[in-house]
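The data block below is protein.txt; it holds compact mmCIF, C-alpha atoms.
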```
# COMPACT_ATOMS: atom_id res chain seq x y z
CA MET A 64 128.94 103.23 14.63
CA SER A 65 130.81 106.19 13.24
CA LEU A 66 128.94 108.96 11.48
CA ASN A 67 130.63 108.13 8.25
CA GLU A 68 129.49 104.54 8.47
CA SER A 69 125.91 105.53 9.24
CA GLN A 70 125.95 107.93 6.30
CA LEU A 71 127.20 105.17 4.03
CA ILE A 72 124.49 102.84 5.29
CA GLU A 73 121.87 105.51 4.70
CA SER A 74 123.09 106.05 1.16
CA ALA A 75 123.21 102.30 0.54
CA GLN A 76 119.64 102.01 1.79
CA GLY A 77 118.75 104.54 -0.86
CA GLY A 78 120.18 102.20 -3.50
CA ASP A 79 123.67 103.69 -3.84
CA ALA A 80 125.87 100.73 -4.83
CA GLU A 81 128.99 102.87 -4.65
CA ALA A 82 128.26 103.79 -1.03
CA PHE A 83 127.70 100.16 -0.22
CA SER A 84 130.98 99.13 -1.83
CA GLN A 85 132.70 101.76 0.32
CA LEU A 86 131.03 100.20 3.32
CA ALA A 87 132.15 96.76 2.18
CA ARG A 88 135.75 97.92 1.98
CA ARG A 89 135.84 98.08 5.78
CA PHE A 90 134.96 94.43 6.28
CA GLU A 91 135.79 92.72 3.02
CA ARG A 92 139.12 91.33 4.23
CA ARG A 93 137.54 89.81 7.28
CA ILE A 94 134.73 88.20 5.29
CA TYR A 95 137.07 86.95 2.58
CA THR A 96 139.57 85.43 5.04
CA LEU A 97 136.80 83.59 6.84
CA ALA A 98 135.42 82.39 3.52
CA LEU A 99 138.91 81.27 2.48
CA HIS A 100 139.34 79.13 5.58
CA TYR A 101 135.80 77.87 5.34
CA THR A 102 135.98 76.81 1.70
CA ARG A 103 139.80 76.28 1.66
CA ASN A 104 139.76 77.44 -1.92
CA ALA A 105 140.51 80.95 -3.22
CA ALA A 106 138.01 80.89 -6.07
CA ASP A 107 135.22 79.58 -3.86
CA ALA A 108 136.12 82.13 -1.20
CA GLU A 109 135.88 84.92 -3.78
CA ASP A 110 132.45 83.74 -4.93
CA LEU A 111 131.18 83.19 -1.43
CA SER A 112 132.30 86.54 -0.09
CA GLN A 113 130.75 88.30 -3.09
CA GLU A 114 127.53 86.40 -2.45
CA VAL A 115 127.54 87.58 1.16
CA TRP A 116 127.93 91.20 0.10
CA LEU A 117 125.30 90.95 -2.58
CA LYS A 118 122.79 89.47 -0.13
CA ALA A 119 123.66 92.16 2.37
CA PHE A 120 123.13 94.88 -0.24
CA ARG A 121 119.75 93.45 -1.19
CA ALA A 122 118.74 93.28 2.47
CA ILE A 123 120.29 96.58 3.53
CA ASN A 124 116.87 98.16 4.06
CA SER A 125 116.16 95.61 6.79
CA PHE A 126 119.09 96.96 8.82
CA ARG A 127 117.58 99.15 11.52
CA GLY A 128 120.74 100.06 13.39
CA ASN A 129 119.74 98.24 16.57
CA ALA A 130 123.00 96.28 16.48
CA ALA A 131 126.38 96.98 14.96
CA PHE A 132 126.51 96.73 11.20
CA TYR A 133 129.06 93.92 11.34
CA THR A 134 126.87 91.89 13.72
CA TRP A 135 124.04 92.17 11.22
CA LEU A 136 126.38 91.35 8.35
CA ARG A 137 127.80 88.34 10.19
CA GLN A 138 124.38 86.73 10.47
CA ILE A 139 124.00 87.04 6.70
CA MET A 140 127.48 85.60 6.32
CA VAL A 141 126.70 82.56 8.49
CA ASN A 142 123.48 81.84 6.60
CA THR A 143 125.19 82.27 3.26
CA PHE A 144 128.08 80.02 4.26
CA LEU A 145 125.72 77.29 5.44
CA ASN A 146 123.58 77.53 2.31
CA HIS A 147 126.68 77.53 0.14
CA LYS A 148 127.80 74.38 1.85
CA ARG A 149 124.47 72.68 1.23
CA ALA A 150 124.40 73.67 -2.40
CA GLU A 151 127.92 73.29 -3.66
CA THR A 152 130.57 72.29 -1.20
CA VAL A 153 129.46 68.72 -0.66
CA ARG A 154 130.74 67.61 -4.03
CA MET A 155 133.98 69.57 -3.64
CA GLU A 156 134.60 68.12 -0.21
CA GLU A 157 134.21 64.60 -1.49
CA VAL A 158 136.72 65.27 -4.22
CA ARG A 159 139.16 66.90 -1.83
CA SER A 160 138.80 64.24 0.84
CA ALA A 161 139.62 61.64 -1.77
CA ALA A 162 142.65 63.68 -2.80
CA PHE A 163 143.79 64.04 0.80
CA GLU A 164 143.46 60.35 1.47
CA ASN A 165 145.22 59.30 -1.70
CA ASP A 166 148.14 61.65 -1.26
CA SER A 167 148.40 61.85 2.50
CA THR A 168 152.08 60.87 2.35
CA ASN A 169 152.90 63.86 0.20
CA VAL A 170 151.31 66.98 1.62
CA ASP A 171 152.77 69.27 -1.02
CA ASP A 172 151.33 67.33 -3.93
CA GLY A 173 148.07 66.63 -2.15
CA LEU A 174 147.25 70.33 -1.69
CA SER A 175 148.87 71.72 -4.77
CA PHE A 176 145.49 72.14 -6.52
CA MET A 177 144.41 74.53 -3.79
CA LEU A 178 147.59 76.52 -3.57
CA ASN A 179 147.79 77.01 -7.30
CA GLU A 180 144.50 78.90 -7.07
CA THR A 181 145.54 81.19 -4.23
CA PRO A 182 146.38 84.72 -5.23
CA TYR A 183 149.42 85.13 -3.03
CA GLN A 184 152.97 83.94 -3.54
CA VAL A 185 153.30 81.02 -1.15
CA GLU A 186 156.22 79.63 -3.13
CA GLU A 187 158.53 82.22 -1.58
CA ASP A 188 158.40 80.60 1.80
CA TYR A 189 158.35 76.82 1.74
CA GLU A 190 157.88 76.39 5.49
CA ARG A 191 155.03 78.83 5.53
CA ARG A 192 153.47 77.00 2.67
CA ILE A 193 153.71 73.65 4.41
CA LEU A 194 152.14 75.11 7.54
CA VAL A 195 149.21 76.57 5.64
CA GLU A 196 148.73 73.33 3.75
CA LYS A 197 148.73 71.35 6.95
CA VAL A 198 146.18 73.58 8.63
CA MET A 199 143.94 73.73 5.57
CA GLN A 200 144.10 69.96 5.34
CA ALA A 201 143.21 69.65 9.01
CA LEU A 202 140.26 71.99 8.51
CA GLY A 203 139.12 69.75 5.68
CA HIS A 204 138.65 66.93 8.15
CA LEU A 205 136.06 68.92 10.07
CA SER A 206 132.46 68.93 9.00
CA SER A 207 131.26 72.20 7.48
CA GLN A 208 129.34 73.07 10.62
CA GLN A 209 132.24 72.22 12.92
CA ARG A 210 134.55 74.30 10.75
CA LEU A 211 132.25 77.31 10.75
CA ILE A 212 131.59 77.05 14.48
CA PHE A 213 135.31 76.85 15.14
CA LEU A 214 136.08 79.84 12.91
CA LEU A 215 133.31 81.93 14.41
CA LYS A 216 134.48 81.15 17.92
CA HIS A 217 138.22 81.29 17.48
CA ARG A 218 138.58 84.02 14.87
CA GLU A 219 135.42 86.06 15.28
CA GLY A 220 135.27 85.79 19.07
CA MET A 221 131.56 85.06 19.13
CA THR A 222 130.13 83.70 22.37
CA TYR A 223 128.51 80.27 22.65
CA GLU A 224 125.13 81.99 22.87
CA GLU A 225 125.69 84.05 19.73
CA ILE A 226 126.79 81.03 17.74
CA ALA A 227 123.94 78.93 19.12
CA LYS A 228 121.50 81.64 18.05
CA ALA A 229 123.03 81.84 14.59
CA PHE A 230 122.83 78.06 14.18
CA ASP A 231 119.49 77.78 15.96
CA CYS A 232 120.70 75.14 18.41
CA SER A 233 121.73 74.85 22.05
CA THR A 234 124.97 76.14 23.55
CA GLY A 235 125.73 72.57 24.61
CA THR A 236 125.72 71.48 20.98
CA ILE A 237 128.06 74.31 20.08
CA LYS A 238 130.40 73.42 22.91
CA LYS A 239 130.52 69.77 21.89
CA ALA A 240 131.16 70.73 18.26
CA LEU A 241 134.00 73.01 19.34
CA PHE A 242 135.56 70.32 21.51
CA ARG A 243 135.47 67.81 18.66
CA ALA A 244 136.81 70.41 16.24
CA VAL A 245 139.79 71.16 18.47
CA GLN A 246 140.48 67.48 19.02
CA LYS A 247 140.37 66.77 15.29
CA LEU A 248 142.54 69.76 14.43
CA ARG A 249 145.11 68.74 16.99
CA GLU A 250 145.11 65.21 15.70
CA GLN A 251 145.35 66.23 12.05
CA MET A 252 148.00 68.87 12.64
CA GLY A 253 150.05 66.32 14.53
CA VAL A 254 150.35 68.33 17.71
CA ALA A 255 151.10 65.65 20.26
CA PRO A 256 150.68 66.21 23.99
CA ALA A 257 153.86 67.77 25.33
CA PRO A 258 156.11 65.50 27.41
CA LEU A 259 156.07 66.47 31.03
CA GLU A 260 158.47 66.03 33.86
CA LEU A 261 155.75 66.20 36.46
CA ALA A 262 154.62 63.21 38.46
CA GLN A 263 151.71 61.28 36.96
CA CYS A 264 148.34 62.13 38.34
CA GLY A 265 146.67 59.13 39.85
CA ALA A 266 143.22 60.63 40.22
CA GLY A 267 140.49 60.64 37.65
CA GLN A 268 142.21 58.64 34.95
CA LYS A 269 140.26 58.58 31.71
CA MET B 210 138.32 65.30 43.92
CA HIS B 211 140.04 65.76 40.59
CA ASP B 212 138.30 64.33 37.52
CA CYS B 213 140.30 64.50 34.27
CA SER B 214 137.25 64.15 32.02
CA LEU B 215 135.49 67.05 33.73
CA VAL B 216 138.61 69.19 33.44
CA GLU B 217 138.96 68.27 29.79
CA ASN B 218 135.42 69.42 29.12
CA LYS B 219 136.09 72.74 30.78
CA MET B 220 139.37 73.09 28.93
CA VAL B 221 137.55 74.18 25.79
CA ASP B 222 135.89 76.97 27.75
CA LEU B 223 139.28 78.00 29.07
CA ILE B 224 140.93 78.01 25.66
CA PHE B 225 138.13 80.02 24.07
CA GLY B 226 137.83 82.47 26.95
CA GLU B 227 134.35 81.49 28.08
CA LEU B 228 135.28 81.38 31.78
CA SER B 229 135.44 84.23 34.21
CA GLU B 230 138.78 85.30 35.63
CA ASP B 231 138.23 83.40 38.89
CA GLU B 232 137.06 80.27 37.11
CA SER B 233 140.02 80.40 34.74
CA LEU B 234 142.46 80.72 37.60
CA ARG B 235 140.87 77.87 39.54
CA LEU B 236 140.87 75.59 36.50
CA LYS B 237 144.47 76.43 35.64
CA ASN B 238 145.52 75.53 39.17
CA GLU B 239 143.71 72.24 38.88
CA ILE B 240 145.29 71.53 35.50
CA ASP B 241 148.72 72.30 36.89
CA ARG B 242 148.29 69.64 39.55
CA CYS B 243 147.59 66.85 37.03
CA SER B 244 150.24 65.91 34.46
CA ASP B 245 147.71 64.35 32.08
CA CYS B 246 145.47 67.38 32.15
CA LEU B 247 148.46 69.71 31.77
CA SER B 248 149.73 67.73 28.82
CA GLU B 249 146.27 67.83 27.23
CA TYR B 250 145.95 71.53 27.84
CA ARG B 251 149.33 72.31 26.37
CA SER B 252 148.55 70.15 23.38
CA MET B 253 145.28 71.92 22.71
CA ASN B 254 146.87 75.31 23.18
CA GLY B 255 149.68 74.27 20.86
CA ALA B 256 147.16 73.31 18.17
CA MET B 257 145.50 76.70 18.47
CA ARG B 258 148.85 78.43 18.23
CA VAL B 259 149.77 76.51 15.08
CA PHE B 260 146.38 77.35 13.61
CA ASP B 261 146.87 81.06 14.31
CA GLU B 262 150.31 81.03 12.74
CA ALA B 263 148.87 79.36 9.65
CA TRP B 264 146.02 81.87 9.60
CA ASP B 265 148.42 84.77 9.48
CA ALA B 266 150.49 83.02 6.85
CA SER B 267 147.46 82.33 4.71
CA LEU B 268 146.39 85.96 4.45
CA PRO B 269 146.57 87.17 0.86
CA ASP B 270 149.25 89.54 -0.29
CA GLN B 271 148.52 93.26 -0.07
CA ARG B 272 148.34 93.43 -3.86
CA PHE B 273 145.37 91.12 -3.78
CA TRP B 274 142.95 93.42 -1.95
CA PRO B 275 142.53 96.22 -4.54
CA ARG B 276 141.68 93.61 -7.17
CA HIS B 277 139.31 91.92 -4.76
CA HIS B 278 137.55 95.17 -3.94
CA GLU B 279 137.24 96.14 -7.59
CA ALA B 280 135.74 92.76 -8.41
CA LEU B 281 133.29 93.15 -5.55
CA ARG B 282 132.34 96.67 -6.60
CA GLN B 283 131.72 95.49 -10.13
CA HIS B 284 129.73 92.51 -8.90
CA LEU B 285 127.50 94.74 -6.82
CA ALA B 286 126.97 97.17 -9.67
CA ASP B 287 126.12 94.35 -12.10
CA ASN B 288 123.93 92.17 -9.91
CA ALA B 289 122.07 94.47 -7.61
CA PRO B 290 119.92 96.64 -9.85
CA ARG B 291 117.09 98.36 -8.07
CA VAL B 292 113.80 96.97 -9.31
CA SER B 293 111.07 99.56 -9.16
CA VAL B 294 107.49 98.33 -8.88
CA ASP B 295 106.32 101.12 -11.21
CA ARG B 296 108.45 99.78 -14.03
CA VAL B 297 106.81 96.38 -13.97
CA PRO B 298 104.20 96.19 -16.74
CA PHE B 299 100.58 96.16 -15.67
CA TRP B 300 99.90 92.74 -17.19
CA LYS B 301 102.86 91.31 -15.30
CA GLN B 302 101.54 92.80 -12.08
CA LEU B 303 98.18 91.17 -12.79
CA LEU B 304 99.78 87.81 -13.47
CA THR B 305 101.92 87.97 -10.37
CA PHE B 306 99.22 89.47 -8.17
CA LYS B 307 98.81 87.58 -4.93
CA LEU B 308 95.82 87.80 -2.63
CA PRO B 309 96.44 86.34 0.78
CA VAL B 310 93.44 84.16 1.66
CA PRO B 311 93.30 81.84 4.69
CA VAL B 312 93.36 78.17 3.78
CA PRO B 313 89.91 77.33 5.28
CA VAL B 314 88.28 80.19 3.39
CA ALA B 315 89.99 79.14 0.17
CA ALA B 316 88.84 75.55 0.70
CA LEU B 317 85.23 76.67 1.25
CA ILE B 318 85.31 78.80 -1.89
CA VAL B 319 86.63 75.87 -3.93
CA ILE B 320 83.97 73.52 -2.53
CA ALA B 321 81.22 76.06 -3.24
CA LEU B 322 82.45 76.55 -6.81
CA LEU B 323 82.59 72.80 -7.41
CA THR B 324 79.06 72.35 -6.03
CA LEU B 325 77.67 75.14 -8.20
CA THR B 326 79.40 73.70 -11.25
CA ALA B 327 77.98 70.25 -10.57
CA LEU B 328 74.47 71.64 -10.13
CA ALA B 329 74.71 73.71 -13.29
CA LEU B 330 75.84 70.67 -15.31
CA ARG B 331 73.03 68.55 -13.86
CA ASN B 332 70.34 71.13 -14.71
CA ARG B 333 71.72 71.41 -18.20
CA THR B 334 71.20 67.69 -18.85
CA ILE B 335 67.52 67.67 -17.81
CA ALA B 336 66.61 71.15 -18.97
CA PRO B 337 65.35 70.25 -22.56
CA ASN B 338 62.54 67.99 -21.27
CA LEU B 339 61.39 70.60 -18.83
CA THR B 340 61.45 73.32 -21.43
CA ILE B 341 59.25 71.38 -23.82
CA ALA B 342 56.78 70.49 -21.12
CA ALA B 343 56.62 73.88 -19.51
CA ARG B 344 56.76 76.15 -22.51
CA PRO B 345 54.76 74.93 -25.48
CA SER B 346 54.76 77.01 -28.58
CA TYR B 347 51.72 79.29 -28.80
CA GLU B 348 51.43 78.67 -32.51
CA THR B 349 51.10 74.90 -32.16
CA MET B 350 48.98 75.02 -29.04
CA THR B 351 45.31 74.01 -29.55
CA PRO B 352 42.76 76.57 -28.38
CA PRO B 353 41.22 75.72 -25.05
CA THR B 354 37.83 74.04 -25.08
CA VAL B 355 35.10 75.85 -23.21
CA LYS B 356 32.68 73.58 -21.44
CA GLU B 357 29.80 75.03 -19.53
CA VAL B 358 28.84 72.94 -16.59
CA PRO B 359 25.79 74.11 -14.74
CA VAL B 360 26.13 73.56 -11.07
CA TYR B 361 23.02 73.54 -8.97
CA LEU B 362 24.48 73.75 -5.55
CA GLU B 363 28.14 73.81 -4.80
CA LYS B 364 27.61 71.86 -1.63
CA VAL B 365 25.77 69.05 -3.33
CA ILE B 366 28.44 68.61 -5.97
CA THR B 367 31.22 68.56 -3.44
CA ARG B 368 29.51 65.92 -1.49
CA THR B 369 28.72 63.90 -4.56
CA VAL B 370 32.35 63.88 -5.62
CA TYR B 371 33.37 62.85 -2.15
CA VAL B 372 30.90 60.01 -2.11
CA GLU B 373 32.03 58.93 -5.56
CA LYS B 374 35.72 58.87 -4.48
CA LYS B 375 34.94 57.10 -1.27
CA ALA B 376 32.86 54.49 -3.05
CA GLN B 377 35.65 53.91 -5.54
CA GLU B 378 38.11 53.24 -2.78
CA LYS B 379 35.79 50.87 -0.97
CA ASN B 380 34.78 48.94 -4.03
CA ALA B 381 38.10 48.87 -5.78
CA SER B 382 37.98 45.11 -6.07
CA ARG B 383 34.45 45.02 -7.50
CA SER B 384 33.57 45.18 -11.16
CA LYS B 385 33.27 48.45 -13.03
CA SER B 386 29.62 48.10 -13.99
CA SER B 387 28.40 47.34 -10.47
CA ASP B 388 30.44 50.29 -9.23
CA GLN B 389 28.68 52.71 -11.53
CA GLN B 390 25.25 51.50 -10.43
CA ARG B 391 26.02 51.79 -6.74
CA ILE B 392 27.60 55.22 -7.08
CA ALA B 393 24.85 56.62 -9.24
CA GLN B 394 22.08 55.45 -6.98
CA PRO B 395 22.73 57.60 -3.90
CA LEU B 396 23.52 60.58 -6.10
CA THR B 397 20.25 60.32 -7.95
CA ALA B 398 18.36 59.67 -4.79
CA SER B 399 19.74 62.71 -3.03
CA LYS B 400 19.06 64.94 -6.02
CA GLU B 401 15.55 63.75 -6.46
CA LYS B 402 14.81 64.45 -2.88
CA GLU B 403 15.85 68.09 -3.24
CA GLY B 404 14.04 68.51 -6.52
CA ASP B 405 16.48 68.59 -9.41
CA ILE B 406 15.20 70.96 -12.08
CA PHE B 407 18.42 71.10 -14.10
CA MET B 408 19.82 68.50 -16.37
CA ARG B 409 22.87 67.06 -14.71
CA ALA B 410 25.98 66.81 -16.76
CA LYS B 411 27.23 63.29 -17.03
CA LEU B 412 30.98 63.38 -16.41
CA THR B 413 31.43 59.66 -16.71
CA ASP B 414 34.00 58.79 -19.42
CA PHE B 415 34.66 62.46 -19.89
CA GLN B 416 38.24 62.94 -21.19
CA PRO B 417 39.41 66.50 -20.66
CA PRO B 418 42.08 67.96 -22.99
CA ASP B 419 45.39 69.29 -21.70
CA GLN B 420 43.77 72.55 -20.86
CA MET B 421 40.16 73.19 -20.11
CA ARG B 422 38.27 76.22 -19.00
CA ILE B 423 35.35 75.48 -16.81
CA ARG B 424 32.74 78.09 -16.20
CA VAL B 425 30.90 77.42 -13.01
CA ILE B 426 27.42 78.90 -12.84
CA LYS B 427 26.10 79.05 -9.36
CA ARG B 428 22.41 79.08 -8.94
CA SER B 429 20.28 78.96 -5.89
CA LYS B 430 16.99 77.10 -5.15
CA ASP B 431 15.11 80.35 -5.55
CA ASP B 432 16.32 80.71 -9.11
CA ALA B 433 15.07 77.21 -9.84
CA ASN B 434 11.60 77.97 -8.55
```

Take the structure in this file and express it as structure tokens.
Amino acid sequence: MSLNESQLIESAQGGDAEAFSQLARRFERRIYTLALHYTRNAADAEDLSQEVWLKAFRAINSFRGNAAFYTWLRQIMVNTFLNHKRAETVRMEEVRSAAFENDSTNVDDGLSFMLNETPYQVEEDYERRILVEKVMQALGHLSSQQRLIFLLKHREGMTYEEIAKAFDCSTGTIKKALFRAVQKLREQMGVAPAPLELAQCGAGQK
Amino acid sequence: MHDCSLVENKMVDLIFGELSEDESLRLKNEIDRCSDCLSEYRSMNGAMRVFDEAWDASLPDQRFWPRHHEALRQHLADNAPRVSVDRVPFWKQLLTFKLPVPVPVAALIVIALLTLTALALRNRTIAPNLTIAARPSYETMTPPTVKEVPVYLEKVITRTVYVEKKAQEKNASRSKSSDQQRIAQPLTASKEKEGDIFMRAKLTDFQPPDQMRIRVIKRSKDDAN
């Protein structure tokens, strides 16, 4: 922890909202991007990331400095994401799943509602847009927990133990969830096993 | 012996960097020797690569972040006011005051309160009768009657009463008139033997009032002589 960061934390613990917003500037992109891929919706991601920061500000006095600030913040983020899912996302997911199923032949139309809400100009690059749509659609086929576990592992680099602790479950459960998440993503993104020129393995056929 | 399902399970660990360097190398060698496993591994790696490309492509434009930060700053300023305990009105503090009491203690207090309430209500229903009986008005109360009963010897009277009670119990089934004769006879006989110089008070059919003051005058045989 740099001195500047500890000073900002100290000021925030004294109730300085401006100091806390300066602290938030360091991690806000990371939190927002995770929220965006978790909710797959820009407006929801904005609300969710703001909720994370607000909860963190309210709980800043409980931060003792035993761990890194981001580690502490990430636990708040995980809890907020999971609670957000329980409260609001269920309905949205049902609506989106129906949309995906109805318009699965036309990816562009099927995800247009989401892309229209994003703040960046995806129209400039059609291929890029298709790729993002495809991945977001694939993420939508994961359960909320699978999605969050996958994001925490793949993008945040958390260990099985850290994720298991955050979710209050065993590492075996996390590993299974990750395996299923990868399988589903691969299936939904249409990444087929690469053709090989090697001889077929006779042992241990599935 | 190579087992594809076991390798597939470990593949997730390999992809997400959960294996040590030695374990990774050993698993990669095993994967390389099996075309199915290698195809699976490449497929999973390919999916991760596509995901990462999409992740980078999905990042908002640089112009987005200042707006995002400003919105966050505003949100924090608007929704995270510091609530001081001193500013809470006293009556609100009283209403929201919480006293942590263990459940068993709270249950005992409730039971005790209910019992006391029940007892108080019960006493209230029977209290008027008791009050009238126990506390008569002094104005309406009749003055006590004073009856002087000369007693010759305390012993003799005590015994006489005892005999009378005993005789009543024994002859409960007999008639009232025969009872009086039989009871009076030993009394008279015993008195006459000792020389009764006083007039005995006849207490038969005597109906005392609610209150009666009895003055007992003790006298000895010497006084009689």

Near segment 231-255 of chain B, 10 Å: segment 224-256 of chain A residue rows, closest pairs, all atoms listed in the file, as JSON lines:
```
{"residue": "A:Phe242", "atom": "CA", "partner": "B:Met253", "partner_atom": "CA", "distance": 9.9}
{"residue": "A:Val245", "atom": "CA", "partner": "B:Met253", "partner_atom": "CA", "distance": 7.0}
{"residue": "A:Gln246", "atom": "CA", "partner": "B:Met253", "partner_atom": "CA", "distance": 7.5}
{"residue": "A:Leu248", "atom": "CA", "partner": "B:Met253", "partner_atom": "CA", "distance": 9.0}
{"residue": "A:Arg249", "atom": "CA", "partner": "B:Met253", "partner_atom": "CA", "distance": 6.5}
{"residue": "A:Glu250", "atom": "CA", "partner": "B:Met253", "partner_atom": "CA", "distance": 9.7}
{"residue": "A:Met252", "atom": "CA", "partner": "B:Gly255", "partner_atom": "CA", "distance": 10.0}
{"residue": "A:Gly253", "atom": "CA", "partner": "B:Ser252", "partner_atom": "CA", "distance": 9.8}
{"residue": "A:Val254", "atom": "CA", "partner": "B:Ser252", "partner_atom": "CA", "distance": 6.2}
{"residue": "A:Ala255", "atom": "CA", "partner": "B:Ser252", "partner_atom": "CA", "distance": 6.0}
{"residue": "A:Pro256", "atom": "CA", "partner": "B:Ser252", "partner_atom": "CA", "distance": 4.5}
```

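In this structure, atom CA of Lys216 of chain A sits 21.5 Å away from atom CA of Trp116 of chain A.
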
Let me make sure I understand: among A:Arg127, A:His217, A:Arg103, A:Arg137, which one has the smallest atom-to-atom distance to chain B if we use only C-alpha atoms?
A:His217

One decimal place gives the atom CA of Gln138 of chain A-atom CA of Asp79 of chain A separation as 22.2 Å

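Distances to chain B were evaluated for A:Glu225, A:Glu196, A:Asp107, A:Glu68 using all atoms listed in the file, and the minimum falls at A:Glu196.
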
Distance-based interface of chain B with chain A, 8 Å, counting all atoms listed in the file, as a count of residues only
42
